$ cat protein15.txt   # compact mmCIF, C-alpha atoms
# COMPACT_ATOMS: atom_id res chain seq x y z
CA MET A 2 -62.69 146.27 -22.81
CA THR A 3 -60.38 143.70 -21.26
CA THR A 4 -60.56 139.95 -21.72
CA TYR A 5 -61.79 139.44 -18.15
CA THR A 6 -64.51 142.09 -18.52
CA THR A 7 -65.73 140.34 -21.67
CA LEU A 8 -65.81 136.99 -19.89
CA ILE A 9 -67.74 138.50 -16.97
CA ILE A 10 -70.34 139.97 -19.35
CA LEU A 11 -70.75 136.77 -21.39
CA SER A 12 -71.05 134.50 -18.37
CA GLY A 13 -73.40 136.98 -16.73
CA LEU A 14 -75.70 136.92 -19.77
CA VAL A 15 -75.85 133.12 -19.64
CA ILE A 16 -76.69 133.19 -15.92
CA PHE A 17 -79.43 135.77 -16.51
CA SER A 18 -80.81 133.66 -19.36
CA TYR A 19 -80.94 130.61 -17.09
CA LEU A 20 -82.83 132.61 -14.46
CA PHE A 21 -85.18 133.90 -17.16
CA ASP A 22 -85.92 130.31 -18.18
CA LEU A 23 -86.81 129.49 -14.58
CA VAL A 24 -89.12 132.51 -14.47
CA ALA A 25 -90.66 131.48 -17.81
CA SER A 26 -91.38 127.96 -16.57
CA LYS A 27 -93.33 129.38 -13.62
CA THR A 28 -95.08 132.37 -15.23
CA LYS A 29 -95.41 131.45 -18.95
CA LEU A 30 -93.61 134.72 -19.70
CA PRO A 31 -91.29 133.90 -22.66
CA SER A 32 -87.63 134.05 -21.71
CA VAL A 33 -87.01 135.61 -25.14
CA LEU A 34 -89.03 138.66 -24.10
CA LEU A 35 -86.87 139.07 -21.00
CA LEU A 36 -83.71 138.67 -23.10
CA LEU A 37 -84.90 141.42 -25.47
CA LEU A 38 -85.57 143.73 -22.55
CA LEU A 39 -82.14 142.91 -21.10
CA GLY A 40 -80.54 143.86 -24.45
CA ILE A 41 -82.47 147.14 -24.52
CA GLY A 42 -81.40 147.88 -20.95
CA LEU A 43 -77.75 147.24 -21.80
CA ARG A 44 -78.03 149.55 -24.82
CA LEU A 45 -79.45 152.37 -22.67
CA LEU A 46 -76.66 151.82 -20.13
CA VAL A 47 -73.96 151.91 -22.83
CA ASP A 48 -75.44 155.06 -24.37
CA ASN A 49 -75.57 156.84 -21.01
CA LEU A 50 -71.98 155.88 -20.21
CA HIS A 51 -70.85 156.77 -23.78
CA LEU A 52 -69.03 153.48 -24.21
CA GLN A 53 -67.66 152.23 -27.53
CA THR A 54 -69.11 148.91 -28.69
CA PHE A 55 -68.68 146.37 -31.48
CA ASN A 56 -70.99 146.45 -34.53
CA PHE A 57 -73.07 143.44 -33.50
CA LEU A 58 -75.12 143.51 -36.71
CA ARG A 59 -72.18 141.75 -38.38
CA ILE A 60 -72.67 138.58 -36.34
CA LEU A 61 -76.43 138.68 -35.74
CA PRO A 62 -77.47 136.77 -38.92
CA THR A 63 -74.86 134.05 -38.30
CA LEU A 64 -75.93 133.58 -34.68
CA GLY A 65 -79.56 133.48 -35.75
CA THR A 66 -78.97 130.87 -38.43
CA VAL A 67 -77.14 128.52 -36.06
CA GLY A 68 -79.84 129.08 -33.44
CA LEU A 69 -82.62 128.28 -35.90
CA ILE A 70 -80.94 125.02 -36.94
CA LEU A 71 -80.38 123.90 -33.34
CA ILE A 72 -83.88 124.84 -32.12
CA VAL A 73 -85.69 123.10 -35.00
CA PHE A 74 -83.40 120.06 -34.59
CA GLU A 75 -84.03 119.96 -30.83
CA GLY A 76 -87.78 120.24 -31.35
CA SER A 77 -87.85 117.48 -33.96
CA LEU A 78 -85.92 115.14 -31.64
CA ASP A 79 -88.87 115.37 -29.24
CA LEU A 80 -91.39 114.10 -31.81
CA LYS A 81 -92.34 110.45 -31.96
CA TYR A 82 -94.36 109.45 -35.02
CA ASP A 83 -97.24 107.04 -35.23
CA GLN A 84 -100.19 106.83 -37.61
CA GLN A 85 -102.51 108.37 -35.06
CA LYS A 86 -100.55 111.63 -35.40
CA ASN A 87 -101.28 111.99 -39.13
CA LYS A 88 -104.24 114.20 -38.29
CA ILE A 89 -102.11 116.51 -36.14
CA ILE A 90 -99.35 116.70 -38.76
CA LYS A 91 -101.78 117.43 -41.62
CA GLY A 92 -103.63 119.97 -39.52
CA ALA A 93 -100.37 121.68 -38.54
CA PHE A 94 -99.16 121.82 -42.16
CA PHE A 95 -102.39 123.26 -43.55
CA SER A 96 -102.61 125.70 -40.67
CA ALA A 97 -99.05 126.92 -41.30
CA PHE A 98 -99.61 127.10 -45.07
CA PHE A 99 -102.95 128.92 -45.26
CA ILE A 100 -102.34 131.24 -42.32
CA LEU A 101 -98.94 132.15 -43.81
CA LEU A 102 -100.40 132.96 -47.23
CA ALA A 103 -103.30 134.97 -45.80
CA THR A 104 -101.00 136.88 -43.45
CA ILE A 105 -98.53 137.71 -46.24
CA ALA A 106 -101.40 139.03 -48.39
CA CYS A 107 -102.79 141.17 -45.56
CA ILE A 108 -99.43 142.60 -44.43
CA THR A 109 -98.49 143.26 -48.08
CA PHE A 110 -101.62 145.43 -48.35
CA ILE A 111 -100.73 147.27 -45.10
CA ILE A 112 -97.16 147.95 -46.27
CA TYR A 113 -98.51 149.10 -49.66
CA GLN A 114 -100.80 151.60 -47.90
CA VAL A 115 -97.91 152.81 -45.73
CA THR A 116 -95.25 153.14 -48.45
CA GLY A 117 -97.09 153.37 -51.78
CA ARG A 118 -94.31 151.29 -53.35
CA GLU A 119 -94.85 148.56 -55.94
CA LEU A 120 -96.66 145.44 -54.73
CA TYR A 121 -93.70 143.15 -55.40
CA LEU A 122 -91.44 145.04 -52.96
CA CYS A 123 -94.25 145.20 -50.42
CA LEU A 124 -94.75 141.43 -50.67
CA VAL A 125 -91.05 140.65 -50.21
CA ASN A 126 -90.94 142.88 -47.12
CA ALA A 127 -94.15 141.32 -45.76
CA VAL A 128 -92.79 137.76 -45.62
CA PRO A 129 -90.52 138.24 -42.56
CA PHE A 130 -93.48 139.61 -40.56
CA SER A 131 -95.68 136.63 -41.49
CA VAL A 132 -93.64 133.62 -40.35
CA ILE A 133 -94.17 131.99 -36.95
CA SER A 134 -90.90 131.75 -35.04
CA SER A 135 -90.24 128.19 -33.90
CA ALA A 136 -87.33 129.57 -31.86
CA ILE A 137 -89.85 131.25 -29.53
CA ALA A 138 -92.90 129.03 -30.00
CA ILE A 139 -91.25 125.67 -29.25
CA PRO A 140 -89.67 126.60 -25.87
CA SER A 141 -92.79 128.54 -24.84
CA VAL A 142 -95.21 125.60 -25.14
CA ALA A 143 -93.17 123.13 -23.08
CA GLY A 144 -95.81 123.20 -20.35
CA LEU A 145 -98.84 122.67 -22.59
CA GLY A 146 -100.67 119.39 -23.15
CA LYS A 147 -99.11 116.81 -25.45
CA LYS A 148 -101.43 117.45 -28.43
CA SER A 149 -101.16 121.22 -28.28
CA LYS A 150 -97.39 121.03 -27.86
CA GLU A 151 -96.96 118.69 -30.85
CA PHE A 152 -99.26 120.85 -32.97
CA ILE A 153 -97.24 123.99 -32.20
CA VAL A 154 -93.88 122.25 -32.80
CA TYR A 155 -95.02 120.95 -36.20
CA GLU A 156 -96.85 124.13 -37.18
CA SER A 157 -94.04 126.52 -36.26
CA SER A 158 -91.46 124.29 -37.99
CA PHE A 159 -93.62 124.08 -41.12
CA SER A 160 -94.13 127.85 -40.99
CA ASP A 161 -90.35 128.40 -40.86
CA ILE A 162 -89.79 126.04 -43.81
CA LEU A 163 -92.64 127.44 -45.92
CA GLY A 164 -91.61 131.00 -45.06
CA ILE A 165 -88.05 130.36 -46.24
CA ILE A 166 -89.35 128.72 -49.45
CA ILE A 167 -91.67 131.65 -50.22
CA PHE A 168 -88.98 134.21 -49.32
CA ASN A 169 -86.35 132.59 -51.54
CA PHE A 170 -88.88 132.20 -54.35
CA ALA A 171 -89.97 135.85 -54.07
CA ILE A 172 -86.51 137.44 -54.10
CA SER A 173 -85.38 135.15 -56.96
CA ASN A 174 -88.42 135.72 -59.18
CA PRO A 175 -89.41 139.38 -59.61
CA HIS A 176 -91.48 138.22 -62.57
CA VAL A 177 -93.31 134.95 -61.94
CA SER A 178 -93.78 132.50 -64.82
CA ALA A 179 -94.42 128.81 -65.37
CA SER A 180 -90.67 128.19 -65.43
CA SER A 181 -90.40 129.78 -61.95
CA PHE A 182 -92.74 127.17 -60.48
CA ALA A 183 -91.01 124.40 -62.43
CA ALA A 184 -87.70 125.47 -60.91
CA LEU A 185 -89.32 125.56 -57.45
CA GLY A 186 -90.64 122.02 -57.93
CA LEU A 187 -87.20 120.82 -59.02
CA ASP A 188 -85.56 122.47 -56.00
CA MET A 189 -88.02 120.82 -53.62
CA ALA A 190 -87.46 117.42 -55.24
CA ILE A 191 -83.70 117.87 -54.85
CA VAL A 192 -84.12 118.83 -51.17
CA ILE A 193 -86.34 115.82 -50.43
CA VAL A 194 -84.06 113.32 -52.17
CA PHE A 195 -80.97 114.82 -50.58
CA SER A 196 -82.67 114.82 -47.15
CA VAL A 197 -83.37 111.08 -47.42
CA ILE A 198 -79.77 110.34 -48.43
CA ALA A 199 -78.32 112.64 -45.76
CA CYS A 200 -80.50 111.15 -42.98
CA ILE A 201 -79.40 107.60 -43.78
CA PHE A 202 -75.75 108.62 -44.13
CA LEU A 203 -75.67 110.55 -40.85
CA LEU A 204 -77.33 107.72 -38.94
CA TYR A 205 -74.76 105.30 -40.41
CA LEU A 206 -71.98 107.70 -39.47
CA MET A 207 -73.21 107.96 -35.88
CA GLY A 208 -73.02 104.19 -35.53
CA LYS A 209 -69.52 103.94 -37.01
CA ILE A 210 -67.75 106.79 -35.21
CA SER A 211 -65.81 105.35 -32.30
CA HIS A 212 -64.18 108.62 -31.23
CA HIS A 213 -65.49 109.96 -27.91
CA ILE A 214 -66.34 113.30 -29.56
CA LYS A 215 -68.88 112.82 -32.35
CA PHE A 216 -72.03 114.82 -31.67
CA PHE A 217 -70.51 118.20 -32.49
CA LEU A 218 -69.29 116.59 -35.73
CA ILE A 219 -72.86 115.56 -36.58
CA ILE A 220 -74.19 119.04 -35.76
CA SER A 221 -71.37 120.66 -37.76
CA ILE A 222 -72.24 118.52 -40.79
CA LEU A 223 -75.89 119.56 -40.43
CA ILE A 224 -74.93 123.23 -40.31
CA LEU A 225 -72.58 122.76 -43.29
CA VAL A 226 -75.28 121.09 -45.38
CA TYR A 227 -77.82 123.74 -44.38
CA ALA A 228 -75.46 126.57 -45.34
CA ILE A 229 -74.60 125.00 -48.72
CA GLY A 230 -78.27 124.47 -49.48
CA GLN A 231 -79.29 127.98 -48.45
CA SER A 232 -76.47 129.50 -50.52
CA HIS A 233 -78.17 127.87 -53.53
CA HIS A 234 -81.62 129.08 -52.35
CA LEU A 235 -82.72 125.57 -51.33
CA SER A 236 -84.94 125.13 -48.28
CA SER A 237 -82.44 123.14 -46.25
CA LEU A 238 -84.47 123.47 -43.06
CA VAL A 239 -86.45 120.49 -44.38
CA LEU A 240 -83.31 118.39 -43.84
CA ILE A 241 -82.93 119.55 -40.23
CA LEU A 242 -86.53 118.69 -39.37
CA ALA A 243 -86.37 115.40 -41.28
CA PHE A 244 -83.12 114.28 -39.62
CA GLY A 245 -84.44 114.88 -36.11
CA LEU A 246 -87.66 113.00 -36.88
CA PHE A 247 -85.73 110.20 -38.59
CA LEU A 248 -83.33 109.71 -35.67
CA ASN A 249 -86.10 109.64 -33.08
CA ASN A 250 -88.19 107.18 -35.11
CA ALA A 251 -85.53 104.96 -36.71
CA ASP A 252 -86.25 102.18 -34.23
CA THR A 253 -89.83 101.88 -35.54
CA ILE A 254 -88.61 100.81 -39.00
CA ARG A 255 -89.09 97.02 -39.13
CA HIS A 256 -87.10 96.20 -42.27
CA ALA A 257 -84.53 93.55 -41.28
CA TRP A 258 -81.73 94.87 -43.51
CA PHE A 259 -82.17 98.44 -42.23
CA ARG A 260 -82.13 97.34 -38.59
CA THR A 261 -79.02 95.22 -39.14
CA VAL A 262 -77.01 97.89 -40.98
CA PHE A 263 -78.09 101.16 -39.36
CA LEU A 264 -79.36 100.49 -35.85
CA TYR A 265 -76.76 99.88 -33.17
CA GLU A 266 -76.72 99.05 -29.48
CA ASN A 267 -76.08 102.52 -28.04
CA LEU A 268 -78.44 104.44 -30.35
CA ALA A 269 -80.92 105.36 -27.59
CA LYS A 270 -78.09 106.59 -25.33
CA ASP A 271 -76.53 108.57 -28.19
CA LEU A 272 -79.89 110.17 -29.05
CA SER A 273 -80.31 111.27 -25.46
CA GLN A 274 -76.84 112.83 -25.41
CA LEU A 275 -77.33 114.47 -28.83
CA HIS A 276 -80.65 115.92 -27.70
CA GLN A 277 -79.05 117.30 -24.53
CA LEU A 278 -76.15 118.80 -26.46
CA SER A 279 -78.40 120.44 -29.08
CA ALA A 280 -80.71 121.80 -26.35
CA GLU A 281 -77.86 123.38 -24.38
CA SER A 282 -76.19 124.73 -27.53
CA ALA A 283 -79.50 126.22 -28.68
CA PHE A 284 -79.91 127.82 -25.25
CA ILE A 285 -76.52 129.55 -25.51
CA ILE A 286 -77.04 130.76 -29.08
CA ARG A 287 -80.60 131.95 -28.35
CA THR A 288 -79.36 133.88 -25.34
CA PHE A 289 -76.76 135.88 -27.24
CA PHE A 290 -78.96 136.35 -30.33
CA PHE A 291 -81.92 137.97 -28.58
CA VAL A 292 -79.80 140.05 -26.22
CA ILE A 293 -77.83 141.36 -29.20
CA PHE A 294 -81.03 142.01 -31.19
CA GLY A 295 -82.45 144.00 -28.27
CA PHE A 296 -79.13 145.84 -27.99
CA THR A 297 -79.15 146.83 -31.68
CA ILE A 298 -82.69 148.29 -31.53
CA ASN A 299 -82.99 152.05 -31.39
CA ILE A 300 -85.63 152.32 -28.70
CA TYR A 301 -86.20 155.99 -29.48
CA ASP A 302 -87.80 155.05 -32.81
CA LEU A 303 -90.81 153.90 -30.78
CA ASN A 304 -91.66 157.56 -30.20
CA ASN A 305 -92.78 157.61 -33.83
CA GLN A 306 -96.58 157.38 -33.84
CA ASN A 307 -96.66 155.92 -37.37
CA VAL A 308 -94.47 153.01 -36.28
CA LEU A 309 -96.77 152.20 -33.37
CA VAL A 310 -100.03 152.56 -35.34
CA ASN A 311 -98.88 150.53 -38.33
CA GLY A 312 -97.22 147.98 -36.06
CA PHE A 313 -100.56 147.61 -34.26
CA LEU A 314 -102.33 147.05 -37.61
CA ILE A 315 -99.86 144.29 -38.48
CA LEU A 316 -100.39 142.68 -35.07
CA LEU A 317 -104.17 142.91 -35.48
CA SER A 318 -104.05 141.25 -38.89
CA ILE A 319 -101.86 138.42 -37.56
CA TYR A 320 -104.29 137.49 -34.79
CA VAL A 321 -107.54 138.03 -36.69
CA ILE A 322 -106.36 135.69 -39.47
CA ARG A 323 -105.11 133.08 -37.00
CA PHE A 324 -108.23 132.99 -34.85
CA VAL A 325 -110.55 132.92 -37.86
CA TYR A 326 -108.66 129.97 -39.35
CA LEU A 327 -108.50 128.02 -36.09
CA LEU A 328 -112.19 128.63 -35.34
CA LEU A 329 -113.22 127.49 -38.82
CA PHE A 330 -110.92 124.51 -39.32
CA ARG A 331 -109.45 123.39 -35.99
CA ARG A 332 -112.19 124.39 -33.53
CA GLU A 333 -110.61 122.51 -30.64
CA ASN A 334 -107.80 124.04 -28.56
CA VAL A 335 -108.24 127.53 -30.01
CA MET A 336 -107.07 128.66 -26.58
CA PRO A 337 -104.14 128.98 -26.09
CA GLU A 338 -103.02 127.93 -29.60
CA GLY A 339 -104.54 131.07 -31.10
CA PHE A 340 -102.13 133.21 -29.11
CA VAL A 341 -99.01 131.15 -29.93
CA THR A 342 -97.91 132.83 -33.14
CA PRO A 343 -94.75 134.71 -32.14
CA ARG A 344 -92.40 136.47 -34.50
CA GLY A 345 -88.73 136.29 -33.65
CA LEU A 346 -85.55 134.67 -34.86
CA ILE A 347 -86.75 133.61 -38.33
CA SER A 348 -88.39 137.01 -38.94
CA ILE A 349 -85.18 138.81 -38.00
CA LEU A 350 -83.08 136.50 -40.19
CA LEU A 351 -85.29 136.94 -43.24
CA TYR A 352 -85.39 140.70 -42.75
CA TYR A 353 -81.60 140.98 -42.62
CA ASN A 354 -81.32 138.72 -45.69
CA LEU A 355 -83.35 141.11 -47.82
CA PRO A 356 -81.14 142.50 -50.60
CA PRO A 357 -80.46 146.23 -49.99
CA SER A 358 -82.24 147.12 -53.24
CA MET A 359 -85.45 145.48 -51.93
CA GLN A 360 -85.46 147.00 -48.45
CA LEU A 361 -88.04 149.71 -47.81
CA PRO A 362 -86.73 152.52 -45.56
CA GLU A 363 -90.23 153.08 -44.18
CA ILE A 364 -90.33 149.47 -42.91
CA GLY A 365 -87.27 149.33 -40.69
CA THR A 366 -86.10 147.43 -37.64
CA SER A 367 -88.42 149.49 -35.43
CA PHE A 368 -91.43 147.90 -37.17
CA LEU A 369 -89.86 144.49 -36.72
CA PHE A 370 -89.19 145.16 -33.05
CA VAL A 371 -92.80 146.25 -32.40
CA VAL A 372 -94.12 143.05 -34.02
CA VAL A 373 -91.63 140.75 -32.25
CA LEU A 374 -92.28 142.40 -28.89
CA GLY A 375 -96.04 142.59 -29.44
CA THR A 376 -96.49 138.94 -30.41
CA SER A 377 -94.36 137.83 -27.45
CA LEU A 378 -96.43 139.91 -25.02
CA ILE A 379 -99.74 138.69 -26.46
CA MET A 380 -98.54 135.09 -26.36
CA SER A 381 -97.54 135.55 -22.70
CA ILE A 382 -100.98 136.91 -21.83
CA GLY A 383 -102.69 134.05 -23.69
CA LEU A 384 -100.59 131.36 -22.00
CA LEU A 385 -101.10 132.92 -18.57
CA ALA A 386 -104.87 133.18 -19.12
CA SER A 387 -105.10 129.56 -20.23
CA LYS A 388 -103.01 128.42 -17.25
CA ARG A 389 -105.36 130.22 -14.83
CA LYS A 390 -108.41 128.79 -16.61
CA LEU A 391 -107.06 125.24 -16.34
CA GLY A 392 -106.18 125.86 -12.69
CA ALA A 393 -109.69 127.12 -11.95
CA GLU A 394 -111.27 124.13 -13.72
CA GLY A 395 -108.97 121.74 -11.85

$ encode --input "protein15.txt" --output "structure tokens"
Amino acid sequence: MTTYTTLIILSGLVIFSYLFDLVASKTKLPSVLLLLLLGIGLRLLVDNLHLQTFNFLRILPTLGTVGLILIVFEGSLDLKYDQQKNKIIKGAFFSAFFILLATIACITFIIYQVTGRELYLCLVNAVPFSVISSAIAIPSVAGLGKKSKEFIVYESSFSDILGIIIFNFAISNPHVSASSFAALGLDMAIVIVFSVIACIFLLYLMGKISHHIKFFLIISILILVYAIGQSHHLSSLVLILAFGLFLNNADTIRHAWFRTVFLYENLAKDLSQLHQLSAESAFIIRTFFFVIFGFTINIYDLNNQNVLVNGFLILLSIYVIRFVYLLLFRRENVMPEGFVTPRGLISILLYYNLPPSMQLPEIGTSFLFVVVLGTSLIMSIGLLASKRKLGAEG
């Protein structure tokens, strides 16, 4: 493949992704779903033409990690805090926490019935299927009402963070003891303290950099800190969410010393540019990630009846647990929030970060694909139905 052919393909994918976003804004059909289908179509074309391709699985986790950081950061830059939002934030956290735990328990049981392997391995493999993907949820709810949108942004971000915490804890502690939870508490304390220090330092750095290129430096530092933290099994996604919230709400801090030292004249303009840069960067990364994931899927595995049946059981458990929780504890806005529980980027990342010794051959990428595709389709149907309902009422 020549250099010019590669450039044509890459630019073409970005153009298609842009068109998919336009379609998504009109139809509520997630652009991610269209990107997956585009990747599958390209794979079928390559197979029919017997073309040689690169092993894209080598770069998929890296692309996904950068995409996750940028999408969570972009979403957090949209959130403005005030005391009236405490209810939404608490509700989103408890929703993410309890739904995640219940879903892990249920999917663990399903995997145990499918494989007959020990419960510990089943639990570790269940976590990737249980986490809401903020990479899909956040862009998909852009057209919803303010409260529903904020709830989904907080909930999906909390779900990502809690999912990573539980995943790291599970793979690091085959045998749980009191010292395991003590170590977890220490890790969380370190992350929180470091997040506070990093947020203040990065804001100070933004105000002091006079070079015309500084936003990619800030994003690079965020990615660096995230990678260092994750390499030590710390939940560094907390820092990403905290920094975005801190930047967008720094002007509400009334302390005179803080305002004198850290706030500067062009902060609002810089935040707008940083938000735009992170949004466009996330768009590019998301495009290539989901096209590549679709390309790496062996579509012929879907002919396996066991994959489809067990994938359906996982999907059923996801939505039964979510609707039961929302009906009992949230009650308002069950539609369309009940349908917005997609699996995607974070699920794929966690799955590919499973140590080889913990991977179950019976629970392969075909299962993951069925769940990712299924939750995206169901979310699309739910968003379309709610849009028509609102239109009819209006």

$ atom_distance --input "protein15.txt" --atom1 "atom CA of A:Leu185" --atom2 "atom CA of A:Phe170"
7.3 Å

$ residues_around --input "protein15.txt" --residues "A:Phe291" --least-positions-apart "5" --cutoff "8 Å" --atoms "all atoms listed in the file" --output "ChimeraX atom specification"
/A:33,36-37,40,346

$ residues_around --input "protein15.txt" --residues "A:Ile90" --least-positions-apart "5" --cutoff "9 Å" --atoms "only C-alpha atoms" --output "NGL selection string"
:A and (95 or 151-152 or 155-156)

$ write_last_selection --input "protein15.txt" --atoms "C-alpha atoms" --output "compact mmCIF listing (two decimals), in the coordinates of the input"
# COMPACT_ATOMS: atom_id res chain seq x y z
CA PHE A 95 -102.39 123.26 -43.55
CA GLU A 151 -96.96 118.69 -30.85
CA PHE A 152 -99.26 120.85 -32.97
CA TYR A 155 -95.02 120.95 -36.20
CA GLU A 156 -96.85 124.13 -37.18

$ closest_atom_pairs --input "protein15.txt" --of "stretch 33-137 of chain A" --to "stretch 353-359 of chain A" --cutoff "10 Å" --atoms "all atoms listed in the file" --output "tab-separated table"
residue	atom	partner	partner_atom	distance
A:Leu58	CA	A:Tyr353	CA	9.1
A:Leu61	CA	A:Tyr353	CA	8.9
A:Pro62	CA	A:Tyr353	CA	7.0
A:Tyr121	CA	A:Met359	CA	9.2
A:Leu122	CA	A:Met359	CA	6.1
A:Cys123	CA	A:Met359	CA	8.9
A:Val125	CA	A:Met359	CA	7.6
A:Asn126	CA	A:Met359	CA	7.7
A:Pro129	CA	A:Tyr353	CA	9.3

$ closest_residue --input "protein15.txt" --among "A:Thr342, A:Gln84, A:Ser180, A:Thr253" --to "A:Ile379" --atoms "all atoms listed in the file"
A:Thr342

$ closest_residue --input "protein15.txt" --among "A:Val341, A:Ala257, A:Leu187, A:Leu203" --to "A:Ser377" --atoms "all atoms listed in the file"
A:Val341

$ closest_residue --input "protein15.txt" --among "A:Phe74, A:Phe182, A:Phe263, A:Tyr82" --to "A:Leu223" --atoms "all atoms listed in the file"
A:Phe74

$ residues_around --input "protein15.txt" --residues "stretch 205-211 of chain A" --least-positions-apart "2" --cutoff "12 Å" --atoms "all atoms listed in the file" --output "MDAnalysis selection string"
chainID A and resid 198:203 213:220 222 248 251 259:272 275

$ residues_around --input "protein15.txt" --residues "stretch 311-314 of chain A" --least-positions-apart "5" --cutoff "12 Å" --atoms "only C-alpha atoms" --output "VMD selection string"
chain A and resid 104 107 to 116 130 303 305 to 306 319 to 321 363 to 376 379

$ atom_distance --input "protein15.txt" --atom1 "atom CA of A:Gly164" --atom2 "atom CA of A:Gln360"
17.5 Å

$ residues_near_point --input "protein15.txt" --point "(-98.2, 134.2, -44.0)" --cutoff "10 Å" --atoms "all atoms listed in the file" --output "count of residues only"
27

$ closest_residue --input "protein15.txt" --among "A:Phe168, A:Tyr227, A:Phe17, A:Phe57" --to "A:Ser196" --atoms "all atoms listed in the file"
A:Tyr227

$ closest_residue --input "protein15.txt" --among "A:Val154, A:Leu124, A:Leu246, A:Leu50" --to "A:Glu338" --atoms "only C-alpha atoms"
A:Val154

$ closest_residue --input "protein15.txt" --among "A:Ser387, A:Ser178, A:Gln274, A:Ser173" --to "A:His234" --atoms "only C-alpha atoms"
A:Ser173

$ residues_around --input "protein15.txt" --residues "A:Thr288" --least-positions-apart "6" --cutoff "10 Å" --atoms "only C-alpha atoms" --output "mmCIF file with C-alpha atoms, keeping the file's coordinate frame"
data_model
loop_
_atom_site.group_PDB
_atom_site.id
_atom_site.type_symbol
_atom_site.label_atom_id
_atom_site.label_comp_id
_atom_site.auth_asym_id
_atom_site.auth_seq_id
_atom_site.Cartn_x
_atom_site.Cartn_y
_atom_site.Cartn_z
ATOM 1 C CA LEU A 11 -70.750 136.770 -21.390
ATOM 2 C CA LEU A 14 -75.700 136.920 -19.770
ATOM 3 C CA VAL A 15 -75.850 133.120 -19.640
ATOM 4 C CA ILE A 16 -76.690 133.190 -15.920
ATOM 5 C CA PHE A 17 -79.430 135.770 -16.510
ATOM 6 C CA SER A 18 -80.810 133.660 -19.360
ATOM 7 C CA TYR A 19 -80.940 130.610 -17.090
ATOM 8 C CA SER A 32 -87.630 134.050 -21.710
ATOM 9 C CA VAL A 33 -87.010 135.610 -25.140
ATOM 10 C CA LEU A 36 -83.710 138.670 -23.100
ATOM 11 C CA LEU A 37 -84.900 141.420 -25.470
ATOM 12 C CA LEU A 64 -75.930 133.580 -34.680
ATOM 13 C CA GLY A 68 -79.840 129.080 -33.440
ATOM 14 C CA SER A 282 -76.190 124.730 -27.530
#

$ atom_distance --input "protein15.txt" --atom1 "atom CA of A:Ile162" --atom2 "atom CA of A:Leu350"
12.9 Å

$ axis_aligned_box --input "protein15.txt" --around "stretch 140-144 of chain A" --padding-each-side "3 Å" --output "AutoDock Vina command-line options"
--center_x -92.7 --center_y 125.8 --center_z -23.1 --size_x 12.1 --size_y 11.4 --size_z 11.5

$ residues_near_point --input "protein15.txt" --point "(-84.0, 116.7, -50.5)" --cutoff "12 Å" --atoms "all atoms listed in the file" --output "number ranges by chain"
A: 186-200, 226-227, 230, 235-244
